[in-house]
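Asks: The structure's right below; bear with me while I get my questions together.
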Amino acid sequence: MKSLPYFCRGEVIRGFGRGSKELGIPTANFSDSVVDHLPADVATGIYYGWACVGNGDVYKMVMSIGWNPYYKNTKKSMETHVIHTFKEDFYGDILSVVMVGYIRPERTYDSLEALIAAINSDIEEAKLKLELPEHLKLKEDNFFTSTTIMNGH
């Protein structure tokens, strides 16, 4: 995808309230204004990259973009799971992400357990891929140290 790496930043909003509760995998949701700016060639599916909350440290992440077929959503969403344990929610904070690569398309799962297993597999794949030198260097990108809110880079 020619639009990758893709940099974006926005406020974390309350999502569908299911990530942490049902899945045990907390996700941060972007507002529609961020989702609406996605380049046309960024397909729905699972991505990996780097994320930073506020002016905090930069962590590995996986992101789901799409209609979430398991939940039959009617709206497109961008849900980021930062691979780090945070002590508290960060609704209202600014989340900065760089989407580095694509893992897989969206799928529908027969059970919550199958969905959770797939997400955990995505997380493991993201952890490995982000160790590659060309991906690791994006962790240090000045995008994460600049504080202006912008779409793109």
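Just so we're on the same page: first chain in the structure tokens is A, next is B, and so on; residues restart at 1 for each chain, and ligands are numbered from 1 in the order they show up.
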Just want the 9 Å neighbourhood of A:Ala43, counted on only C-alpha atoms, with same-chain residues fewer than 6 positions away dropped. Output as an MDAnalysis selection string.
Replies: chainID A and resid 1 65:66 105
Asks: Produce a file of the selected residues containing N, CA, C and O atoms, as a short mmCIF file (atom, residue, chain, number, x, y, z; two decimals), in the first residue's frame.
Replies:
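Output file again31.cif follows:
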data_model
loop_
_atom_site.label_atom_id
_atom_site.label_comp_id
_atom_site.auth_asym_id
_atom_site.auth_seq_id
_atom_site.Cartn_x
_atom_site.Cartn_y
_atom_site.Cartn_z
N MET A 1 0.84 -1.20 0.00
CA MET A 1 0.00 0.00 0.00
C MET A 1 0.87 1.24 0.00
O MET A 1 1.68 1.43 0.90
N ILE A 65 -8.98 -1.62 11.19
CA ILE A 65 -9.74 -0.62 10.43
C ILE A 65 -10.85 -1.35 9.73
O ILE A 65 -10.60 -2.36 9.06
N GLY A 66 -12.05 -0.86 9.89
CA GLY A 66 -13.11 -1.49 9.12
C GLY A 66 -14.46 -1.48 9.76
O GLY A 66 -14.75 -0.69 10.65
N PRO A 105 -6.65 -9.25 6.17
CA PRO A 105 -7.98 -8.64 5.99
C PRO A 105 -8.89 -8.92 7.18
O PRO A 105 -8.57 -9.77 8.02
#
Asks: Write out as a count of residues only the residues lying within 9 Å of A:Val35, counting only C-alpha atoms and excluding same-chain residues fewer than 6 positions away.
Replies: 4
Asks: Check the smallest atom-to-atom distance from each of A:Glu11, A:Asp36, A:Asp110, A:Asp57 to A:Lys139 using only C-alpha atoms, then report the winner.
Replies: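 For A:Lys139, the nearest of the given residues is A:Asp57.
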Asks: Excluding A:Ser31 and any residue of its chain fewer than 2 positions from it, enumerate the residues within 8 Å of it, using only C-alpha atoms, and give them as a PDB file with N, CA, C and O atoms, in the first residue's frame.
Replies:
ATOM      1  N   GLY A  10      -5.142  12.013  16.804  1.00  0.00           N
ATOM      2  CA  GLY A  10      -6.466  12.527  17.144  1.00  0.00           C
ATOM      3  C   GLY A  10      -6.838  12.183  18.570  1.00  0.00           C
ATOM      4  O   GLY A  10      -6.113  11.461  19.261  1.00  0.00           O
ATOM      5  N   GLU A  11      -7.973  12.708  18.965  1.00  0.00           N
ATOM      6  CA  GLU A  11      -8.454  12.479  20.326  1.00  0.00           C
ATOM      7  C   GLU A  11      -9.027  11.072  20.452  1.00  0.00           C
ATOM      8  O   GLU A  11      -9.660  10.560  19.531  1.00  0.00           O
ATOM      9  N   VAL A  12      -8.786  10.455  21.608  1.00  0.00           N
ATOM     10  CA  VAL A  12      -9.357   9.138  21.891  1.00  0.00           C
ATOM     11  C   VAL A  12     -10.789   9.337  22.386  1.00  0.00           C
ATOM     12  O   VAL A  12     -11.027  10.081  23.333  1.00  0.00           O
ATOM     13  N   ILE A  13     -11.724   8.694  21.706  1.00  0.00           N
ATOM     14  CA  ILE A  13     -13.136   8.823  22.084  1.00  0.00           C
ATOM     15  C   ILE A  13     -13.638   7.511  22.678  1.00  0.00           C
ATOM     16  O   ILE A  13     -13.000   6.466  22.529  1.00  0.00           O
ATOM     17  N   ASN A  29     -10.226   4.288  20.409  1.00  0.00           N
ATOM     18  CA  ASN A  29     -10.961   4.619  19.189  1.00  0.00           C
ATOM     19  C   ASN A  29     -10.719   6.063  18.789  1.00  0.00           C
ATOM     20  O   ASN A  29     -10.750   6.961  19.635  1.00  0.00           O
ATOM     21  N   SER A  33     -13.499  12.192  12.437  1.00  0.00           N
ATOM     22  CA  SER A  33     -12.689  13.126  11.650  1.00  0.00           C
ATOM     23  C   SER A  33     -11.363  12.489  11.250  1.00  0.00           C
ATOM     24  O   SER A  33     -10.853  12.717  10.157  1.00  0.00           O
ATOM     25  N   VAL A  34     -10.797  11.647  12.126  1.00  0.00           N
ATOM     26  CA  VAL A  34      -9.543  10.952  11.791  1.00  0.00           C
ATOM     27  C   VAL A  34      -9.834   9.841  10.782  1.00  0.00           C
ATOM     28  O   VAL A  34      -9.137   9.694   9.774  1.00  0.00           O
ATOM     29  N   VAL A  35     -10.884   9.076  11.036  1.00  0.00           N
ATOM     30  CA  VAL A  35     -11.248   7.955  10.158  1.00  0.00           C
ATOM     31  C   VAL A  35     -11.548   8.459   8.742  1.00  0.00           C
ATOM     32  O   VAL A  35     -11.114   7.870   7.750  1.00  0.00           O
TER      33      VAL A  35
END
Asks: When you look at A:Tyr6 with a cut-off of 12 Å (counting only C-alpha atoms), what residues show up, excluding the ones that are within fewer than 6 positions of it in the same chain? I need them as a list in words.
Replies: Val34, His37, Leu38, Pro39, Ala40, Asp41, Val42, Tyr47, Tyr48, Gly49, Trp50, Ala51, Ser96, Val97, Val98, Met99, Val100, Gly101, Tyr102, Leu138, Phe143, Asn151, Gly152 and His153 of chain A
Asks: Restrict the selected residues to C-alpha atoms and save them as a CSV table (one decimal), in the first residue's frame.
Replies:
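This went into out-v4.csv:
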chain,number,residue,atom,x,y,z
A,34,VAL,CA,-9.5,11.0,11.8
A,37,HIS,CA,-9.1,11.3,6.4
A,38,LEU,CA,-7.8,7.8,5.7
A,39,PRO,CA,-6.3,7.5,2.2
A,40,ALA,CA,-8.5,5.6,-0.2
A,41,ASP,CA,-6.0,2.9,-0.7
A,42,VAL,CA,-5.8,1.9,3.0
A,47,TYR,CA,-2.3,-3.2,10.7
A,48,TYR,CA,0.7,-2.9,12.9
A,49,GLY,CA,2.8,0.1,13.9
A,50,TRP,CA,3.7,2.5,16.7
A,51,ALA,CA,1.6,4.5,19.0
A,96,SER,CA,-0.5,9.6,17.7
A,97,VAL,CA,0.0,6.5,15.5
A,98,VAL,CA,2.1,5.5,12.6
A,99,MET,CA,0.6,2.6,10.6
A,100,VAL,CA,3.6,0.7,9.3
A,101,GLY,CA,2.4,-2.5,7.7
A,102,TYR,CA,-0.6,-4.7,7.0
A,138,LEU,CA,9.9,4.9,12.7
A,143,PHE,CA,6.2,12.9,14.5
A,151,ASN,CA,-3.6,14.7,9.7
A,152,GLY,CA,-0.8,13.3,7.6
A,153,HIS,CA,2.8,14.1,8.1
